[in-house]
Structure formats: C-alpha cells, structure tokens
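Following: one structure in structure tokens, then a few remarks.
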Amino acid sequence: MEISDILSEDMVLIHVDAENKRDLLEKISVFVADKENLDKNPVFEAILERENLGTTGYGNGVAFPHARIDGLDKIIVVFARLDKGIDYDALDGHPVDLVAFLLSPEKSGEDHLRSLSIMSRVLKDEAICQKIREAKTSHEIYIALQN
C-alpha cells in the first residue's frame, strides 16, 4: 500500500486557517463530510472521541487525528497544511501545522493501522516535511508526500 492508494490530490488542503485544535478538526470534518457525502456530526464526534483518549500530535509539527466510522466503506485521508501552527497538545509541546486526517471503516483493523503507518513513515522524514512546508501548491504537497 502506498500513499497514492489512500490519498488523492483533491484531498490535500493548503492554507488552512484554524484557531485551535477543535476548530481544525471541525473544519476538516466538514470538508470530509461535504466531499464524501457524509454526516459531519459522526465524523467530528468520532475524531474528538479518539483525541480525548490521547493526543495524536506526535511531534515536529505533525498530527494524525484518526477514527473508525460505522457505515464507512473505504479509508479516507485528508492532508492539511496550516498557515500557522496551532496548540495541539502535541507530545513535544510544539505547535502543529501538518495534519494527516484519517477515517476508516469500523471493521478495518489492519488497513487502518497500515494507513497510519504509511502516513507516519513519510511524515517522520524531516526533509519531506520541509518540502511540504515550502510547497506553493497542493499539487507540490501531494508530490512531496509520494516520496
């Protein structure tokens, strides 16, 4: 499984403006709901519920909010680059500006974990994160994520 198997270019957001973690998660939930014809409320509630178990802000400005959603029939990934980092209660205490938002079907155990692993492996690479931060377009971000 590659990033291109779970992330399409039209799901890469650039210049995201968020006041805080809750605002960010709500904005991405609305985007996903509109794009995938889903109800925003279960998406947002599932993401918040998972976040309440422990932060998904792993450090170096990166967060991986994720949840499993009943009734979903495929894995959905949104990648967002924020204009300005926000307090995300990240493990290293640094602001978050790169977000890989992942939704999986309720019973997608292995695929859910594999998708998280793929995104994590790419976003732990500081050179790739730098390319993403310097990118001028969502297309450039998408290309950087493929490396």
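Chain labels run A, B, ... following the order of the structure tokens; each chain numbers its residues from 1, and ligands are numbered from 1 in the order shown.
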
12 Å contact set for range 117-119 of chain A, only C-alpha atoms, chain neighbours under 2 positions out, as a count of residues only:
36

Go through A:Val32, A:Leu53, A:Ala135, A:Val96 and flag the residue nearest Leu82 in chain A, using only C-alpha atoms for the distances.
A:Val96

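For the pair CA of Asp83 in chain A and CA of His15 in chain A, the separation is 4.9 Å.
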
Nearest candidate to Asn60 in chain A (options A:Lys40, A:His94, A:Lys27, A:Lys107; using only C-alpha atoms)
A:His94
